[in-house]
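Structure file structure.pdb; described as PDB, C-alpha atoms (C1' of nucleotides).
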```
ATOM      1  CA  MET A  21      32.062  37.768  10.861  1.00  0.00           C
ATOM      2  CA  ASP A  22      34.757  37.282   8.310  1.00  0.00           C
ATOM      3  CA  PRO A  23      33.688  35.409   5.203  1.00  0.00           C
ATOM      4  CA  PHE A  24      37.062  33.774   5.363  1.00  0.00           C
ATOM      5  CA  CYS A  25      36.247  32.155   8.691  1.00  0.00           C
ATOM      6  CA  ALA A  26      32.908  30.957   7.396  1.00  0.00           C
ATOM      7  CA  ALA A  27      34.517  29.499   4.300  1.00  0.00           C
ATOM      8  CA  VAL A  28      37.150  27.760   6.387  1.00  0.00           C
ATOM      9  CA  ARG A  29      34.540  26.301   8.717  1.00  0.00           C
ATOM     10  CA  SER A  30      32.430  25.129   5.815  1.00  0.00           C
ATOM     11  CA  LEU A  31      35.352  23.546   4.035  1.00  0.00           C
ATOM     12  CA  ILE A  32      36.662  21.788   7.096  1.00  0.00           C
ATOM     13  CA  ALA A  33      33.195  20.556   7.957  1.00  0.00           C
ATOM     14  CA  SER A  34      32.978  19.097   4.452  1.00  0.00           C
ATOM     15  CA  ILE A  35      36.131  17.018   4.739  1.00  0.00           C
ATOM     16  CA  PRO A  36      34.919  13.422   4.559  1.00  0.00           C
ATOM     17  CA  THR A  37      35.687  11.044   7.371  1.00  0.00           C
ATOM     18  CA  GLY A  38      38.828   9.091   6.690  1.00  0.00           C
ATOM     19  CA  THR A  39      40.520  11.827   4.655  1.00  0.00           C
ATOM     20  CA  VAL A  40      42.729  14.776   5.493  1.00  0.00           C
ATOM     21  CA  ALA A  41      43.486  18.189   4.014  1.00  0.00           C
ATOM     22  CA  THR A  42      46.319  20.652   4.419  1.00  0.00           C
ATOM     23  CA  TYR A  43      46.190  24.154   5.847  1.00  0.00           C
ATOM     24  CA  GLY A  44      47.385  25.684   2.620  1.00  0.00           C
ATOM     25  CA  GLN A  45      44.771  23.824   0.655  1.00  0.00           C
ATOM     26  CA  ILE A  46      41.962  25.027   2.872  1.00  0.00           C
ATOM     27  CA  ALA A  47      43.339  28.550   2.761  1.00  0.00           C
ATOM     28  CA  ARG A  48      43.525  28.451  -1.018  1.00  0.00           C
ATOM     29  CA  LEU A  49      39.975  27.174  -1.354  1.00  0.00           C
ATOM     30  CA  ALA A  50      38.802  29.808   1.119  1.00  0.00           C
ATOM     31  CA  GLY A  51      40.275  32.545  -1.037  1.00  0.00           C
ATOM     32  CA  LYS A  52      43.454  33.373   0.860  1.00  0.00           C
ATOM     33  CA  PRO A  53      46.343  31.552  -0.821  1.00  0.00           C
ATOM     34  CA  ARG A  54      48.723  32.853   1.874  1.00  0.00           C
ATOM     35  CA  GLY A  55      46.365  32.316   4.766  1.00  0.00           C
ATOM     36  CA  ALA A  56      47.496  28.927   5.980  1.00  0.00           C
ATOM     37  CA  ARG A  57      48.323  30.270   9.422  1.00  0.00           C
ATOM     38  CA  GLN A  58      44.957  31.945   9.665  1.00  0.00           C
ATOM     39  CA  VAL A  59      43.320  28.617   8.940  1.00  0.00           C
ATOM     40  CA  SER A  60      45.131  27.197  11.919  1.00  0.00           C
ATOM     41  CA  TRP A  61      43.985  30.194  13.931  1.00  0.00           C
ATOM     42  CA  VAL A  62      40.343  29.589  12.985  1.00  0.00           C
ATOM     43  CA  LEU A  63      40.805  25.987  14.003  1.00  0.00           C
ATOM     44  CA  HIS A  64      42.249  26.364  17.477  1.00  0.00           C
ATOM     45  CA  SER A  65      39.957  29.316  18.041  1.00  0.00           C
ATOM     46  CA  GLN A  66      36.586  27.964  16.941  1.00  0.00           C
ATOM     47  CA  SER A  67      36.927  24.226  16.489  1.00  0.00           C
ATOM     48  CA  GLY A  68      35.371  23.419  19.821  1.00  0.00           C
ATOM     49  CA  LYS A  69      32.698  26.045  19.429  1.00  0.00           C
ATOM     50  CA  TYR A  70      31.588  24.780  16.040  1.00  0.00           C
ATOM     51  CA  LYS A  71      32.470  21.115  16.542  1.00  0.00           C
ATOM     52  CA  LEU A  72      34.789  21.071  13.578  1.00  0.00           C
ATOM     53  CA  PRO A  73      36.838  17.989  12.653  1.00  0.00           C
ATOM     54  CA  TRP A  74      40.061  19.869  13.320  1.00  0.00           C
ATOM     55  CA  GLN A  75      42.036  16.654  13.385  1.00  0.00           C
ATOM     56  CA  ARG A  76      41.609  16.258   9.621  1.00  0.00           C
ATOM     57  CA  VAL A  77      43.747  19.282   8.875  1.00  0.00           C
ATOM     58  CA  ILE A  78      47.512  18.739   8.834  1.00  0.00           C
ATOM     59  CA  GLY A  79      50.644  20.291   7.391  1.00  0.00           C
ATOM     60  CA  VAL A  80      51.554  20.222   3.718  1.00  0.00           C
ATOM     61  CA  LYS A  81      54.125  17.484   4.320  1.00  0.00           C
ATOM     62  CA  GLY A  82      51.487  15.191   5.684  1.00  0.00           C
ATOM     63  CA  ARG A  83      52.763  15.688   9.186  1.00  0.00           C
ATOM     64  CA  ILE A  84      50.816  16.671  12.281  1.00  0.00           C
ATOM     65  CA  SER A  85      51.807  20.237  13.082  1.00  0.00           C
ATOM     66  CA  LEU A  86      50.884  20.259  16.730  1.00  0.00           C
ATOM     67  CA  PRO A  87      53.816  20.442  19.141  1.00  0.00           C
ATOM     68  CA  LEU A  88      54.250  17.375  21.277  1.00  0.00           C
ATOM     69  CA  HIS A  89      53.178  19.249  24.364  1.00  0.00           C
ATOM     70  CA  ARG A  90      49.885  20.272  22.757  1.00  0.00           C
ATOM     71  CA  GLY A  91      47.228  18.029  21.230  1.00  0.00           C
ATOM     72  CA  PHE A  92      49.570  15.960  19.111  1.00  0.00           C
ATOM     73  CA  PHE A  93      48.702  12.635  20.685  1.00  0.00           C
ATOM     74  CA  GLU A  94      45.014  13.411  20.728  1.00  0.00           C
ATOM     75  CA  GLN A  95      44.997  14.253  17.032  1.00  0.00           C
ATOM     76  CA  ARG A  96      46.950  11.110  16.239  1.00  0.00           C
ATOM     77  CA  ARG A  97      44.478   9.077  18.216  1.00  0.00           C
ATOM     78  CA  LEU A  98      41.467  10.679  16.536  1.00  0.00           C
ATOM     79  CA  LEU A  99      42.884  10.140  13.054  1.00  0.00           C
ATOM     80  CA  ARG A 100      43.652   6.513  13.772  1.00  0.00           C
ATOM     81  CA  GLN A 101      40.173   6.169  15.154  1.00  0.00           C
ATOM     82  CA  GLU A 102      38.836   7.282  11.764  1.00  0.00           C
ATOM     83  CA  GLY A 103      40.885   4.663   9.999  1.00  0.00           C
ATOM     84  CA  ILE A 104      43.722   6.914   8.870  1.00  0.00           C
ATOM     85  CA  ASP A 105      47.150   5.402   9.146  1.00  0.00           C
ATOM     86  CA  VAL A 106      49.466   7.582  11.215  1.00  0.00           C
ATOM     87  CA  ASP A 107      52.948   6.538  12.206  1.00  0.00           C
ATOM     88  CA  ASN A 108      54.468   7.311  15.570  1.00  0.00           C
ATOM     89  CA  ARG A 109      56.035  10.523  14.280  1.00  0.00           C
ATOM     90  CA  GLY A 110      52.645  11.822  13.159  1.00  0.00           C
ATOM     91  CA  SER A 111      53.105  11.315   9.439  1.00  0.00           C
ATOM     92  CA  VAL A 112      50.157  10.531   7.184  1.00  0.00           C
ATOM     93  CA  ASP A 113      50.376   9.204   3.640  1.00  0.00           C
ATOM     94  CA  LEU A 114      48.859  12.048   1.667  1.00  0.00           C
ATOM     95  CA  LYS A 115      48.804   9.944  -1.484  1.00  0.00           C
ATOM     96  CA  LYS A 116      46.198   7.769   0.175  1.00  0.00           C
ATOM     97  CA  PHE A 117      44.268  10.031   2.507  1.00  0.00           C
ATOM     98  CA  ARG A 118      44.457  13.480   0.910  1.00  0.00           C
ATOM     99  CA  TRP A 119      41.192  15.253   0.250  1.00  0.00           C
ATOM    100  CA  PRO A 120      40.025  15.658  -2.383  1.00  0.00           C
ATOM    101  CA  GLY A 121      41.140  12.366  -3.718  1.00  0.00           C
ATOM    102  CA  PRO A 122      42.189  12.113  -7.356  1.00  0.00           C
ATOM    103  CA  GLY A 123      39.136  12.704  -9.500  1.00  0.00           C
ATOM    104  CA  GLU A 124      36.817  13.756  -6.711  1.00  0.00           C
ATOM    105  CA  THR A 125      34.789  16.898  -7.071  1.00  0.00           C
ATOM    106  CA  LEU A 126      36.018  20.037  -5.449  1.00  0.00           C
ATOM    107  CA  PRO A 127      33.572  22.620  -4.022  1.00  0.00           C
ATOM    108  CA  ALA A 128      33.469  24.576  -7.281  1.00  0.00           C
ATOM    109  CA  LYS A 129      36.842  26.235  -7.603  1.00  0.00           C
ATOM    110  CA  LYS A 130      39.275  26.233 -10.429  1.00  0.00           C
ATOM    111  CA  LYS A 131      42.678  24.692  -9.952  1.00  0.00           C
ATOM    112  CA  GLY A 132      42.931  22.255 -12.868  1.00  0.00           C
ATOM    113  CA  THR A 133      43.637  18.695 -11.997  1.00  0.00           C
ATOM    114  CA  GLY A 134      45.743  19.686  -9.036  1.00  0.00           C
ATOM    115  CA  ARG A 135      47.924  16.742  -9.808  1.00  0.00           C
ATOM    116  CA  ALA A 136      50.719  15.925 -12.179  1.00  0.00           C
ATOM    117  CA  GLY A 137      50.398  18.375 -14.999  1.00  0.00           C
ATOM    118  CA  PRO A 138      50.488  17.638 -18.740  1.00  0.00           C
TER     119      PRO A 138
ATOM    120  C1'  DA B  30      51.983  51.955  17.296  1.00  0.00           C
ATOM    121  C1'  DG B  31      55.412  48.582  17.305  1.00  0.00           C
ATOM    122  C1'  DT B  32      57.107  43.966  18.507  1.00  0.00           C
ATOM    123  C1'  DA B  33      56.649  39.145  19.243  1.00  0.00           C
ATOM    124  C1'  DT B  34      54.339  34.873  18.006  1.00  0.00           C
ATOM    125  C1'  DG B  35      52.482  30.762  15.638  1.00  0.00           C
ATOM    126  C1'  DA B  36      48.038  24.021  14.605  1.00  0.00           C
ATOM    127  C1'  DC B  37      52.058  27.201   7.689  1.00  0.00           C
ATOM    128  C1'  DG B  38      54.512  27.134   3.211  1.00  0.00           C
ATOM    129  C1'  DT B  39      58.179  27.978  -0.054  1.00  0.00           C
ATOM    130  C1'  DT B  40      62.995  28.789  -1.055  1.00  0.00           C
ATOM    131  C1'  DT B  41      67.823  28.328  -0.103  1.00  0.00           C
ATOM    132  C1'  DT B  42      71.892  26.072   2.329  1.00  0.00           C
TER     133       DT B  42
ATOM    134  C1'  DA C  24      67.564  14.554   1.563  1.00  0.00           C
ATOM    135  C1'  DA C  25      67.347  17.295   5.752  1.00  0.00           C
ATOM    136  C1'  DA C  26      67.654  21.614   8.022  1.00  0.00           C
ATOM    137  C1'  DA C  27      67.617  26.437   8.344  1.00  0.00           C
ATOM    138  C1'  DA C  28      66.115  30.943   6.651  1.00  0.00           C
ATOM    139  C1'  DC C  29      62.737  33.671   4.874  1.00  0.00           C
ATOM    140  C1'  DG C  30      58.091  35.314   3.834  1.00  0.00           C
ATOM    141  C1'  DC C  31      52.823  35.665   5.234  1.00  0.00           C
ATOM    142  C1'  DC C  32      49.211  37.544   8.028  1.00  0.00           C
ATOM    143  C1'  DA C  33      45.990  37.886  11.894  1.00  0.00           C
ATOM    144  C1'  DT C  34      46.410  38.005  17.260  1.00  0.00           C
ATOM    145  C1'  DA C  35      48.381  39.147  21.651  1.00  0.00           C
ATOM    146  C1'  DC C  36      50.754  42.255  24.528  1.00  0.00           C
TER     147       DC C  36
END
```
Exercise: express the given structure as structure tokens:
Amino acid sequence: MDPFCAAVRSLIASIPTGTVATYGQIARLAGKPRGARQVSWVLHSQSGKYKLPWQRVIGVKGRISLPLHRGFFEQRRLLRQEGIDVDNRGSVDLKKFRWPGPGETLPAKKKGTGRAGP
DNA sequence: AGTATGACGTTTT
DNA sequence: AAAAACGCCATAC
């Protein structure tokens, strides 16, 4: 098994309820800065098998990436069910719901403050 | 082996 | 600011 997949599963499983993360962020933390698409692949491939909270992973713009004819509505419903505010277009306010929140501890990985620099 | 594809992200119009 | 083009990288065929 690829360590990348394991890292992705672990990271996604560690996303707290009520928060969301982006594909690129997960990919970066998993060690593949350009592996955002592969994160999505791990999700739609193994989410059901490993019971992962796939709904907490969205695009970098805070927008649900699923096409309307796929699980878009289901993801929107699940996120709202967790208390995350999602508008009808599938947009989430990353400033409020992004994981890790400002000042929260990251699973041991560099990446300074991650926020507004000096 | 080579091409097409996608639950992405960054850069350029 | 919004949209299109381009770049990535593992699968599918």
Practice item. Have a look at atom C1' of B:DA33 and atom C1' of C:DC36 and let me know their distance in Å, one decimal. Key: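 Result for atom C1' of B:DA33 versus atom C1' of C:DC36: 8.5 Å, one decimal.
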Exercise for review: Taking the file above as input, evaluate the PyMOL selection byres ((chain C) within 10 of (chain A)) and report the hits as a list in words.
Suggested key: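 Expected selection for the PyMOL selection byres ((chain C) within 10 of (chain A)) here is DG30, DC31, DC32, DA33 and DT34 of chain C.
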Grab the residues selected above and save them as a short mmCIF file (atom, residue, chain, number, x, y, z; two decimals), keeping the file's coordinate frame with C-alpha atoms (C1' of nucleotides).
```
data_model
loop_
_atom_site.label_atom_id
_atom_site.label_comp_id
_atom_site.auth_asym_id
_atom_site.auth_seq_id
_atom_site.Cartn_x
_atom_site.Cartn_y
_atom_site.Cartn_z
"C1'" DG C 30 58.09 35.31 3.83
"C1'" DC C 31 52.82 35.66 5.23
"C1'" DC C 32 49.21 37.54 8.03
"C1'" DA C 33 45.99 37.89 11.89
"C1'" DT C 34 46.41 38.01 17.26
#
```
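Applied to the file shown here, the PyMOL selection byres ((chain A) within 7 of (chain B)) selects A:Tyr43, A:Ala56, A:Arg57, A:Ser60, A:His64, A:Ser85, A:Leu86.
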Point to revise | Expected selection from the PyMOL selection byres ((chain A and resi 35) around 12), given as number ranges by chain | key: A: 28-34, 36-42, 45-46, 72-77, 117-121, 124-127
Please, could you write that set of residues out with C-alpha atoms as a short mmCIF file (atom, residue, chain, number, x, y, z; two decimals), in the coordinates of the input?
```cif
data_model
loop_
_atom_site.label_atom_id
_atom_site.label_comp_id
_atom_site.auth_asym_id
_atom_site.auth_seq_id
_atom_site.Cartn_x
_atom_site.Cartn_y
_atom_site.Cartn_z
CA VAL A 28 37.15 27.76 6.39
CA ARG A 29 34.54 26.30 8.72
CA SER A 30 32.43 25.13 5.82
CA LEU A 31 35.35 23.55 4.04
CA ILE A 32 36.66 21.79 7.10
CA ALA A 33 33.20 20.56 7.96
CA SER A 34 32.98 19.10 4.45
CA PRO A 36 34.92 13.42 4.56
CA THR A 37 35.69 11.04 7.37
CA GLY A 38 38.83 9.09 6.69
CA THR A 39 40.52 11.83 4.66
CA VAL A 40 42.73 14.78 5.49
CA ALA A 41 43.49 18.19 4.01
CA THR A 42 46.32 20.65 4.42
CA GLN A 45 44.77 23.82 0.66
CA ILE A 46 41.96 25.03 2.87
CA LEU A 72 34.79 21.07 13.58
CA PRO A 73 36.84 17.99 12.65
CA TRP A 74 40.06 19.87 13.32
CA GLN A 75 42.04 16.65 13.38
CA ARG A 76 41.61 16.26 9.62
CA VAL A 77 43.75 19.28 8.88
CA PHE A 117 44.27 10.03 2.51
CA ARG A 118 44.46 13.48 0.91
CA TRP A 119 41.19 15.25 0.25
CA PRO A 120 40.02 15.66 -2.38
CA GLY A 121 41.14 12.37 -3.72
CA GLU A 124 36.82 13.76 -6.71
CA THR A 125 34.79 16.90 -7.07
CA LEU A 126 36.02 20.04 -5.45
CA PRO A 127 33.57 22.62 -4.02
#
```
Practice item. Measure the distance from atom CA of A:Arg83 to atom C1' of C:DA26 in Å and round it to one decimal. Key: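 Calculated distance between atom CA of A:Arg83 and atom C1' of C:DA26 is 16.1 Å.
Atom CA of A:Phe24 sits 26.0 Å away from atom CA of A:Leu98.
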